[in-house]
Amino acid sequence: MENSKFIKIIDWAKSQLQKDVIVSKELHGDRSDVFRLSTPDDNYFLKIGSDFTKEYERLVWLKDRLPVPKVIAFRKIEGRDVLLLSEMKGKNLKVLSKEWRAEKVVSNQRRKYPTSFPFCNSERKLSVT
């Protein structure tokens, strides 16, 4: 079972949620392993990989500005970055990106959430023409 190499990390995530959890491997995750953690009330995602610090910082910064997953916990375990996130309702952007070009996704989000971030601390800028 592929999940066996992540048992310690999955157990840590379960302890953070303090609920009965059903774990399933997700097919998403280009640079990471992703697990869905389903509880009786909600779903969560556990991302295991490397270099999640910037993603964590961006999610924390965006939390009161745009709808983004809530960071439940973030830490390094067994040399891996581990990010536990709440599930957001809607269509997965990874799936949507296969149906729409990136520019259409960004344009749609800009119409839905018109805002600017002049003080965004992100080093990366997305330019859409």
# chains A, B, ... in the order shown; residues from 1 in each chain; ligands from 1
call {"tool": "residues_around", "arguments": {"residues": "Ser32 of chain A", "least_positions_apart": "3", "cutoff": "10 Å", "atoms": "only C-alpha atoms", "output": "ChimeraX atom specification"}}
result
/A:28-29,35,46-52,80-82
call {"tool": "residues_around", "arguments": {"residues": "Ile22 of chain A", "least_positions_apart": "5", "cutoff": "10 Å", "atoms": "only C-alpha atoms", "output": "count of residues only"}}
result
8
call {"tool": "select_by_dssp", "arguments": {"residues": "segment 9-68 of chain A", "states": "helix (DSSP H, G or I)", "output": "MDAnalysis selection string"}}
result
chainID A and resid 9:17 53:62
call {"tool": "write_last_selection", "arguments": {"atoms": "N, CA and C atoms", "output": "PDB file, in the first residue's frame"}}
result
ATOM      1  N   ILE A   9       2.881  10.621   9.119  1.00  0.00           N
ATOM      2  CA  ILE A   9       2.360  11.936   8.738  1.00  0.00           C
ATOM      3  C   ILE A   9       0.835  11.931   8.760  1.00  0.00           C
ATOM      4  N   ILE A  10       0.224  10.872   8.247  1.00  0.00           N
ATOM      5  CA  ILE A  10      -1.238  10.775   8.267  1.00  0.00           C
ATOM      6  C   ILE A  10      -1.746  10.720   9.702  1.00  0.00           C
ATOM      7  N   ASP A  11      -1.062   9.983  10.567  1.00  0.00           N
ATOM      8  CA  ASP A  11      -1.451   9.942  11.982  1.00  0.00           C
ATOM      9  C   ASP A  11      -1.355  11.325  12.616  1.00  0.00           C
ATOM     10  N   TRP A  12      -0.320  12.086  12.267  1.00  0.00           N
ATOM     11  CA  TRP A  12      -0.195  13.458  12.765  1.00  0.00           C
ATOM     12  C   TRP A  12      -1.395  14.298  12.317  1.00  0.00           C
ATOM     13  N   ALA A  13      -1.777  14.174  11.030  1.00  0.00           N
ATOM     14  CA  ALA A  13      -2.913  14.943  10.506  1.00  0.00           C
ATOM     15  C   ALA A  13      -4.203  14.560  11.230  1.00  0.00           C
ATOM     16  N   LYS A  14      -4.402  13.275  11.465  1.00  0.00           N
ATOM     17  CA  LYS A  14      -5.590  12.834  12.201  1.00  0.00           C
ATOM     18  C   LYS A  14      -5.624  13.437  13.594  1.00  0.00           C
ATOM     19  N   SER A  15      -4.455  13.521  14.233  1.00  0.00           N
ATOM     20  CA  SER A  15      -4.405  14.096  15.579  1.00  0.00           C
ATOM     21  C   SER A  15      -4.728  15.593  15.555  1.00  0.00           C
ATOM     22  N   GLN A  16      -4.405  16.266  14.476  1.00  0.00           N
ATOM     23  CA  GLN A  16      -4.736  17.686  14.349  1.00  0.00           C
ATOM     24  C   GLN A  16      -6.250  17.889  14.224  1.00  0.00           C
ATOM     25  N   LEU A  17      -6.918  16.976  13.539  1.00  0.00           N
ATOM     26  CA  LEU A  17      -8.357  17.096  13.316  1.00  0.00           C
ATOM     27  C   LEU A  17      -9.174  16.609  14.500  1.00  0.00           C
ATOM     28  N   THR A  53       6.639  26.303   2.079  1.00  0.00           N
ATOM     29  CA  THR A  53       6.652  27.490   2.923  1.00  0.00           C
ATOM     30  C   THR A  53       5.995  28.675   2.237  1.00  0.00           C
ATOM     31  N   LYS A  54       6.330  28.936   0.999  1.00  0.00           N
ATOM     32  CA  LYS A  54       5.751  30.081   0.273  1.00  0.00           C
ATOM     33  C   LYS A  54       4.245  29.885   0.067  1.00  0.00           C
ATOM     34  N   GLU A  55       3.826  28.671  -0.261  1.00  0.00           N
ATOM     35  CA  GLU A  55       2.392  28.401  -0.417  1.00  0.00           C
ATOM     36  C   GLU A  55       1.667  28.654   0.897  1.00  0.00           C
ATOM     37  N   TYR A  56       2.236  28.177   1.990  1.00  0.00           N
ATOM     38  CA  TYR A  56       1.664  28.409   3.314  1.00  0.00           C
ATOM     39  C   TYR A  56       1.550  29.912   3.593  1.00  0.00           C
ATOM     40  N   GLU A  57       2.626  30.653   3.355  1.00  0.00           N
ATOM     41  CA  GLU A  57       2.614  32.096   3.606  1.00  0.00           C
ATOM     42  C   GLU A  57       1.558  32.797   2.762  1.00  0.00           C
ATOM     43  N   ARG A  58       1.430  32.412   1.498  1.00  0.00           N
ATOM     44  CA  ARG A  58       0.428  33.033   0.624  1.00  0.00           C
ATOM     45  C   ARG A  58      -0.989  32.733   1.098  1.00  0.00           C
ATOM     46  N   LEU A  59      -1.251  31.498   1.494  1.00  0.00           N
ATOM     47  CA  LEU A  59      -2.587  31.146   1.974  1.00  0.00           C
ATOM     48  C   LEU A  59      -2.949  31.921   3.235  1.00  0.00           C
ATOM     49  N   VAL A  60      -2.003  32.063   4.143  1.00  0.00           N
ATOM     50  CA  VAL A  60      -2.253  32.833   5.361  1.00  0.00           C
ATOM     51  C   VAL A  60      -2.522  34.291   5.012  1.00  0.00           C
ATOM     52  N   TRP A  61      -1.729  34.843   4.091  1.00  0.00           N
ATOM     53  CA  TRP A  61      -1.888  36.243   3.698  1.00  0.00           C
ATOM     54  C   TRP A  61      -3.214  36.481   2.982  1.00  0.00           C
ATOM     55  N   LEU A  62      -3.646  35.535   2.152  1.00  0.00           N
ATOM     56  CA  LEU A  62      -4.866  35.693   1.368  1.00  0.00           C
ATOM     57  C   LEU A  62      -6.153  35.384   2.128  1.00  0.00           C
TER      58      LEU A  62
END
call {"tool": "atom_distance", "arguments": {"atom1": "atom CA of Asp42 of chain A", "atom2": "atom CA of Leu66 of chain A"}}
result
20.3 Å
call {"tool": "atom_distance", "arguments": {"atom1": "atom CA of Tyr44 of chain A", "atom2": "atom CA of Leu85 of chain A"}}
result
5.6 Å
call {"tool": "atom_distance", "arguments": {"atom1": "atom CA of Pro67 of chain A", "atom2": "atom CA of Leu83 of chain A"}}
result
17.4 Å
call {"tool": "select_by_dssp", "arguments": {"residues": "segment 4-94 of chain A", "states": "strand (DSSP E or B)", "output": "NGL selection string"}}
result
:A and (22-25 or 32-38 or 43-49 or 71-77 or 80-86)
call {"tool": "closest_residue", "arguments": {"among": "A:Glu87, A:Asp20, A:Glu99, A:Glu26", "to": "Ile72 of chain A", "atoms": "only C-alpha atoms"}}
result
A:Glu87
